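Q: For reference, the structure I am asking about is given below.
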Amino acid sequence: PTHTWVAIAAPVVFLTIVAAWVALLIRFRVDGPEKTKEQAWEEQMAMMPTERVELTDYHIIFLGIGFVAVVCITIYASMLEPIVGHPACISLGVVVVVFGSGFMSREEFCQLEWDILALVGGTNVMAFMVRE
């Protein structure tokens, strides 16, 4: 009986997902005429960018940095904790490198969803406080 929490959590999660699905159906109701697959495909293709983005060496370097950060956060978090502290510090380091190097502009920095970042940061602090 160490897993009795699942008996409570599973139905709650299921009901929450169903309620969210119903809320989305009500909020984003489709009132227009039905589209054929071809019409929907044409509409989607019209929204695709026409110019092709070429990856430079700079892009590949930052893709590598992002990959290494994800691996460090997910696989090696416990081994790196004495060195960098919480794994969120690795994410902060990636943000500093990306914006500090000029790879992303000041305008892109200002367009970040700060409420979501604050929520993630607050969650990390709460997790730290619970562990202590």
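Quick note on naming: the chains in the structure tokens go A, B, ... in the order shown, residues restart at 1 in each chain, and ligands are numbered from 1 in order of appearance.
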Identify all residues of range 7-120 of chain A in helix (DSSP H, G or I) (DSSP on the backbone) and supply them as number ranges by chain.
A: A: 7-27, 37-46, 57-74, 77-84, 88-100, 106-110, 114-120
Q: Write out as a PDB file with all heavy atoms, in the first residue's frame each polymer residue whose atoms come within 12 Å of range 112-127 of chain A, counting only C-alpha atoms; drop sequence neighbours fewer than 4 positions from it.
A:
```pdb
ATOM      1  N   GLY A  85      24.478  23.574  -8.425  1.00  0.00           N
ATOM      2  CA  GLY A  85      23.274  23.730  -7.609  1.00  0.00           C
ATOM      3  C   GLY A  85      22.094  23.094  -8.307  1.00  0.00           C
ATOM      4  O   GLY A  85      22.188  22.019  -8.879  1.00  0.00           O
ATOM      5  N   HIS A  86      20.976  23.776  -8.290  1.00  0.00           N
ATOM      6  CA  HIS A  86      19.752  23.259  -8.906  1.00  0.00           C
ATOM      7  C   HIS A  86      19.911  23.221 -10.423  1.00  0.00           C
ATOM      8  O   HIS A  86      20.547  24.099 -11.018  1.00  0.00           O
ATOM      9  CB  HIS A  86      18.577  24.153  -8.515  1.00  0.00           C
ATOM     10  CG  HIS A  86      17.251  23.522  -8.793  1.00  0.00           C
ATOM     11  ND1 HIS A  86      16.637  23.627 -10.010  1.00  0.00           N
ATOM     12  CD2 HIS A  86      16.448  22.762  -8.019  1.00  0.00           C
ATOM     13  CE1 HIS A  86      15.500  22.966  -9.986  1.00  0.00           C
ATOM     14  NE2 HIS A  86      15.367  22.428  -8.786  1.00  0.00           N
ATOM     15  N   PRO A  87      19.327  22.209 -11.084  1.00  0.00           N
ATOM     16  CA  PRO A  87      19.436  22.126 -12.552  1.00  0.00           C
ATOM     17  C   PRO A  87      18.897  23.356 -13.280  1.00  0.00           C
ATOM     18  O   PRO A  87      19.286  23.610 -14.426  1.00  0.00           O
ATOM     19  CB  PRO A  87      18.606  20.885 -12.904  1.00  0.00           C
ATOM     20  CG  PRO A  87      18.628  20.052 -11.675  1.00  0.00           C
ATOM     21  CD  PRO A  87      18.692  21.015 -10.525  1.00  0.00           C
ATOM     22  N   ALA A  88      18.043  24.126 -12.654  1.00  0.00           N
ATOM     23  CA  ALA A  88      17.539  25.337 -13.307  1.00  0.00           C
ATOM     24  C   ALA A  88      18.662  26.333 -13.562  1.00  0.00           C
ATOM     25  O   ALA A  88      18.547  27.171 -14.470  1.00  0.00           O
ATOM     26  CB  ALA A  88      16.450  25.980 -12.448  1.00  0.00           C
ATOM     27  N   CYS A  89      19.738  26.243 -12.804  1.00  0.00           N
ATOM     28  CA  CYS A  89      20.885  27.131 -13.037  1.00  0.00           C
ATOM     29  C   CYS A  89      21.512  26.857 -14.399  1.00  0.00           C
ATOM     30  O   CYS A  89      22.056  27.765 -15.027  1.00  0.00           O
ATOM     31  CB  CYS A  89      21.912  26.962 -11.930  1.00  0.00           C
ATOM     32  SG  CYS A  89      21.308  27.473 -10.317  1.00  0.00           S
ATOM     33  N   SER A  91      19.817  26.001 -17.059  1.00  0.00           N
ATOM     34  CA  SER A  91      18.926  26.714 -17.991  1.00  0.00           C
ATOM     35  C   SER A  91      19.229  28.196 -17.996  1.00  0.00           C
ATOM     36  O   SER A  91      19.245  28.832 -19.066  1.00  0.00           O
ATOM     37  CB  SER A  91      17.470  26.495 -17.595  1.00  0.00           C
ATOM     38  OG  SER A  91      17.160  25.140 -17.600  1.00  0.00           O
ATOM     39  N   LEU A  92      19.443  28.750 -16.830  1.00  0.00           N
ATOM     40  CA  LEU A  92      19.782  30.174 -16.744  1.00  0.00           C
ATOM     41  C   LEU A  92      21.092  30.443 -17.471  1.00  0.00           C
ATOM     42  O   LEU A  92      21.230  31.455 -18.159  1.00  0.00           O
ATOM     43  CB  LEU A  92      19.869  30.606 -15.280  1.00  0.00           C
ATOM     44  CG  LEU A  92      20.147  32.072 -15.030  1.00  0.00           C
ATOM     45  CD1 LEU A  92      19.060  32.938 -15.640  1.00  0.00           C
ATOM     46  CD2 LEU A  92      20.261  32.324 -13.545  1.00  0.00           C
ATOM     47  N   VAL A  95      20.435  30.664 -21.143  1.00  0.00           N
ATOM     48  CA  VAL A  95      19.824  31.958 -21.486  1.00  0.00           C
ATOM     49  C   VAL A  95      20.883  33.053 -21.526  1.00  0.00           C
ATOM     50  O   VAL A  95      20.909  33.882 -22.448  1.00  0.00           O
ATOM     51  CB  VAL A  95      18.698  32.315 -20.481  1.00  0.00           C
ATOM     52  CG1 VAL A  95      18.218  33.730 -20.676  1.00  0.00           C
ATOM     53  CG2 VAL A  95      17.551  31.333 -20.613  1.00  0.00           C
ATOM     54  N   PHE A  99      21.705  35.011 -25.099  1.00  0.00           N
ATOM     55  CA  PHE A  99      21.486  36.451 -25.257  1.00  0.00           C
ATOM     56  C   PHE A  99      22.775  37.244 -25.108  1.00  0.00           C
ATOM     57  O   PHE A  99      22.954  38.283 -25.743  1.00  0.00           O
ATOM     58  CB  PHE A  99      20.425  36.938 -24.269  1.00  0.00           C
ATOM     59  CG  PHE A  99      19.050  36.492 -24.633  1.00  0.00           C
ATOM     60  CD1 PHE A  99      18.419  35.498 -23.908  1.00  0.00           C
ATOM     61  CD2 PHE A  99      18.384  37.030 -25.710  1.00  0.00           C
ATOM     62  CE1 PHE A  99      17.148  35.068 -24.241  1.00  0.00           C
ATOM     63  CE2 PHE A  99      17.119  36.605 -26.066  1.00  0.00           C
ATOM     64  CZ  PHE A  99      16.503  35.621 -25.327  1.00  0.00           C
ATOM     65  N   MET A 104      20.599  35.881 -29.978  1.00  0.00           N
ATOM     66  CA  MET A 104      19.225  36.381 -29.992  1.00  0.00           C
ATOM     67  C   MET A 104      19.255  37.852 -29.606  1.00  0.00           C
ATOM     68  O   MET A 104      20.057  38.278 -28.776  1.00  0.00           O
ATOM     69  CB  MET A 104      18.341  35.571 -29.046  1.00  0.00           C
ATOM     70  CG  MET A 104      18.212  34.123 -29.499  1.00  0.00           C
ATOM     71  SD  MET A 104      17.073  33.174 -28.514  1.00  0.00           S
ATOM     72  CE  MET A 104      15.543  33.648 -29.257  1.00  0.00           C
ATOM     73  N   SER A 105      18.348  38.620 -30.191  1.00  0.00           N
ATOM     74  CA  SER A 105      18.380  40.070 -30.023  1.00  0.00           C
ATOM     75  C   SER A 105      17.668  40.527 -28.746  1.00  0.00           C
ATOM     76  O   SER A 105      16.988  39.759 -28.072  1.00  0.00           O
ATOM     77  CB  SER A 105      17.715  40.741 -31.230  1.00  0.00           C
ATOM     78  OG  SER A 105      16.333  40.439 -31.229  1.00  0.00           O
ATOM     79  N   ARG A 106      17.839  41.812 -28.471  1.00  0.00           N
ATOM     80  CA  ARG A 106      17.173  42.413 -27.305  1.00  0.00           C
ATOM     81  C   ARG A 106      15.656  42.356 -27.463  1.00  0.00           C
ATOM     82  O   ARG A 106      14.931  42.149 -26.505  1.00  0.00           O
ATOM     83  CB  ARG A 106      17.636  43.863 -27.160  1.00  0.00           C
ATOM     84  CG  ARG A 106      17.097  44.542 -25.935  1.00  0.00           C
ATOM     85  CD  ARG A 106      17.691  45.938 -25.813  1.00  0.00           C
ATOM     86  NE  ARG A 106      17.391  46.510 -24.534  1.00  0.00           N
ATOM     87  CZ  ARG A 106      16.263  47.126 -24.225  1.00  0.00           C
ATOM     88  NH1 ARG A 106      15.308  47.225 -25.120  1.00  0.00           N
ATOM     89  NH2 ARG A 106      16.073  47.643 -23.021  1.00  0.00           N
ATOM     90  N   GLU A 107      15.166  42.531 -28.692  1.00  0.00           N
ATOM     91  CA  GLU A 107      13.724  42.476 -28.944  1.00  0.00           C
ATOM     92  C   GLU A 107      13.176  41.082 -28.630  1.00  0.00           C
ATOM     93  O   GLU A 107      12.104  40.938 -28.058  1.00  0.00           O
ATOM     94  CB  GLU A 107      13.407  42.859 -30.389  1.00  0.00           C
ATOM     95  CG  GLU A 107      13.630  44.317 -30.724  1.00  0.00           C
ATOM     96  CD  GLU A 107      15.098  44.658 -30.928  1.00  0.00           C
ATOM     97  OE1 GLU A 107      15.875  43.757 -31.335  1.00  0.00           O
ATOM     98  OE2 GLU A 107      15.477  45.806 -30.653  1.00  0.00           O
ATOM     99  N   GLU A 108      13.920  40.050 -29.018  1.00  0.00           N
ATOM    100  CA  GLU A 108      13.498  38.683 -28.715  1.00  0.00           C
ATOM    101  C   GLU A 108      13.516  38.429 -27.213  1.00  0.00           C
ATOM    102  O   GLU A 108      12.666  37.722 -26.681  1.00  0.00           O
ATOM    103  CB  GLU A 108      14.391  37.672 -29.441  1.00  0.00           C
ATOM    104  CG  GLU A 108      14.201  37.687 -30.940  1.00  0.00           C
ATOM    105  CD  GLU A 108      15.257  36.890 -31.665  1.00  0.00           C
ATOM    106  OE1 GLU A 108      16.431  36.942 -31.268  1.00  0.00           O
ATOM    107  OE2 GLU A 108      14.882  36.208 -32.634  1.00  0.00           O
ATOM    108  N   ARG A 131      12.184  20.333  -0.275  1.00  0.00           N
ATOM    109  CA  ARG A 131      13.285  19.385  -0.024  1.00  0.00           C
ATOM    110  C   ARG A 131      14.047  19.727   1.236  1.00  0.00           C
ATOM    111  O   ARG A 131      14.553  18.845   1.913  1.00  0.00           O
ATOM    112  CB  ARG A 131      14.238  19.362  -1.205  1.00  0.00           C
ATOM    113  CG  ARG A 131      13.739  18.451  -2.304  1.00  0.00           C
ATOM    114  CD  ARG A 131      14.758  18.344  -3.390  1.00  0.00           C
ATOM    115  NE  ARG A 131      14.671  19.604  -4.139  1.00  0.00           N
ATOM    116  CZ  ARG A 131      15.573  20.049  -4.969  1.00  0.00           C
ATOM    117  NH1 ARG A 131      16.643  19.353  -5.204  1.00  0.00           N
ATOM    118  NH2 ARG A 131      15.407  21.179  -5.612  1.00  0.00           N
ATOM    119  N   GLU A 132      14.199  21.001   1.534  1.00  0.00           N
ATOM    120  CA  GLU A 132      14.938  21.398   2.727  1.00  0.00           C
ATOM    121  C   GLU A 132      14.053  21.220   3.921  1.00  0.00           C
ATOM    122  O   GLU A 132      14.315  20.937   4.976  1.00  0.00           O
ATOM    123  CB  GLU A 132      15.387  22.863   2.602  1.00  0.00           C
ATOM    124  CG  GLU A 132      16.380  23.075   1.470  1.00  0.00           C
ATOM    125  CD  GLU A 132      17.670  22.287   1.634  1.00  0.00           C
ATOM    126  OE1 GLU A 132      18.232  22.256   2.744  1.00  0.00           O
ATOM    127  OE2 GLU A 132      18.096  21.670   0.656  1.00  0.00           O
TER     128      GLU A 132
END
```
Q: Between CA of Gly102 in chain A and CA of Ile61 in chain A, what is the distance, to one decimal in Å?
A: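 Distance reported for this atom pair: 13.3 Å.
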Q: What does the distance between CA of Val97 in chain A and CA of Arg52 in chain A come to in Å, to one decimal place?
A: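 For CA of Val97 in chain A relative to CA of Arg52 in chain A, the distance reads 26.1 Å.
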Q: Which residue, A:Ala20, A:Leu25, A:Val98, A:Ala9, has the smallest gap to Phe62 in chain A when you use only C-alpha atoms?
A: A:Val98
Q: Quick check, in Å to one decimal: how far apart do CA of Ala23 in chain A and CA of Ala10 in chain A lie?
A: 19.9 Å
Q: Which residues are near Thr74 in chain A? Cut-off 12 Å, only C-alpha atoms, ignore same chain within fewer than 3 positions. Put them as a list in words.
A: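 Residues meeting the cut-off are Phe67, Val68, Ala69, Val70, Val71, Ala77, Ser78, Met79, Leu80, Glu81, His86, Pro87, Ala88, Ile90 and Ser91 of chain A.
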